[in-house]
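Colleague: Got a structure for you, written out below as structure tokens; questions coming shortly.
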Number of protein chains: 2
Amino acid sequence: MKNETTAHAEIPGYEYGTDQTPKSPVTLDELRQLEQAVGWTEEDAAWLRIAAETLVPKAEEMVDEWRAVIASEPQLVASFLKSDGSPDDAYRAAIKRRFVQWVSDVCLRPHDQEWLNYQEEIGQRHTPAKKNQTDGGHTPPVVPMRYTLGFSAVVITSVHSFLISSGRSEEAVQRMRAAWTRGVLLSITLWTRAYTSPGLW
Amino acid sequence: MKNETTAHAEIPGYEYGTDQTPKSPVTLDELRQLEQAVGWTEEDAAWLRIAAETLVPKAEEMVDEWRAVIASEPQLVASFLKSDGSPDDAYRAAIKRRFVQWVSDVCLRPHDQEWLNYQEEIGQRHTPAKKNQTDGGHTPPVVPMRYTLGFSAVVITSVHSFLISSGRSEEAVQRMRAAWTRGVLLSITLWTRAYTSPGLW
């Protein structure tokens, strides 16, 4: 397997596990309670490690597929446009590499303090707190939460055909797909903290 | 099939399509854009009508399964407790019947203005805007959004075994499962509006 630490250092703005990423306001105890609500277990972590053998080499292909969907929908593209209506290509390109890395992180990263901190960071980068900041973008100050959440359905359902290509048993595909569903929803639920009215998250 | 209108009239607080349910602040145009972001199509509506043949007769069993999960987790049970720490059983019982009806609604209701209004209503009933109001409950004023969202993973993944019991082809099960995933995430995303900071939803 590729040396992950080296790979990460090459992605601009991917500040996972560095001093650039502040501590999440969510505690590890709260994370464990949320994992339990999601139904996440160590078995899911194990199935995602198996899924990673198929998904990580195809992560860029998956992200390209998702971004083609985004590109076809004006309300989603809007988050990548400058105020003159032209696309902020530098911003889009910078984000893509981290999106590809996120696929790998969903599959392989342990849910520790660093992981927790980075989920909060990703959430803030979708909201006025930090959108555009990391990449010097010139796009709207928020990806509306309904699209962040709604699009998770695309991310969840589209994994099926990739997992089928693993050639593993129907039972294994089902386990991997359920683990992916839980892992994605856990990650994205943590992103939503930055969007939520105080006391309601 | 049971006469739905009659069935609905029997469920206290199920004010779907009535004057008791205010108009959603979300427009139908915004709903169509959100459907598109979720990947929802008329094909999903058709597959959910097929899924309904299996799921609606088992809706109470599904909800019992989910509520058993909720009952086993103190952070989820908390939303059903009175201030003295005892369960508000009347509140729980009232909600259960509407939860069962929601399974049917996800499968069968057209996504029109009445449906849109009721998704907003459900969202508000999870937040200080309306929690406890419908049923005269004595529970905390909010179901934390992270649990509302996180638990959707249980609702999504648990449908698999029920759909398998339909005896339909693997392909049909896959289509029904994907449609259920999209339908559930669409509904729950609409609930989250009531939780979100102004301008960020």
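Ligands are numbered from 1 in the order shown, chains are lettered A, B, ... in the order of the structure tokens, and residues start at 1 in each chain.
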Report as a list in words the set of chain A residues whose atoms approach chain B to within 7 Å, with distances computed over only C-alpha atoms.

Modeller: Gln33, Leu34, Ala37, Val38, Gly39, Gln75, Val142, Pro144, Met145, Arg146, Tyr147, Leu149, Gly150, Phe151, Ala153, Val154, Thr157, Ala178, Thr181, Arg182, Leu185, Leu186, Thr189, Tyr195, Thr196, Ser197, Leu200 and Trp201 of chain A

Colleague: Hey, what's within 9 Å of Arg92 in chain A if we count only C-alpha atoms and toss same-chain stuff fewer than 4 positions away? As a list in words, please?

Modeller: Phe80, Pro87, Asp88, Lys96 and Gly137 of chain A

Colleague: List the spatial neighbours of Val173 in chain B as a PDB file with C-alpha atoms, in the first residue's frame - criterion: any atom at most 9 Å away, only C-alpha atoms, same-chain residues fewer than 4 positions off excluded.

Modeller:
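As a result, part_14.pdb now contains:
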```pdb
ATOM      1  CA  ALA B  51     -41.292  -1.821  -2.378  1.00  0.00           C
ATOM      2  CA  HIS B 160     -32.199  -4.586   3.136  1.00  0.00           C
ATOM      3  CA  LEU B 163     -36.579  -6.110   0.865  1.00  0.00           C
ATOM      4  CA  ILE B 164     -34.823  -9.467   0.541  1.00  0.00           C
ATOM      5  CA  SER B 166     -39.893  -9.788  -0.997  1.00  0.00           C
ATOM      6  CA  GLY B 167     -38.394 -12.688  -2.952  1.00  0.00           C
ATOM      7  CA  ARG B 168     -37.721 -10.368  -5.901  1.00  0.00           C
ATOM      8  CA  SER B 169     -34.586 -10.450  -8.032  1.00  0.00           C
ATOM      9  CA  ARG B 177     -32.996  -0.177  -1.810  1.00  0.00           C
ATOM     10  CA  ALA B 178     -31.523   2.749  -3.753  1.00  0.00           C
TER      11      ALA B 178
END
```

Colleague: Which one is closest to Ser83 in chain B: B:Pro140, B:Pro110, B:Gly123, B:Pro57? Count only C-alpha atoms.

Modeller: B:Pro140
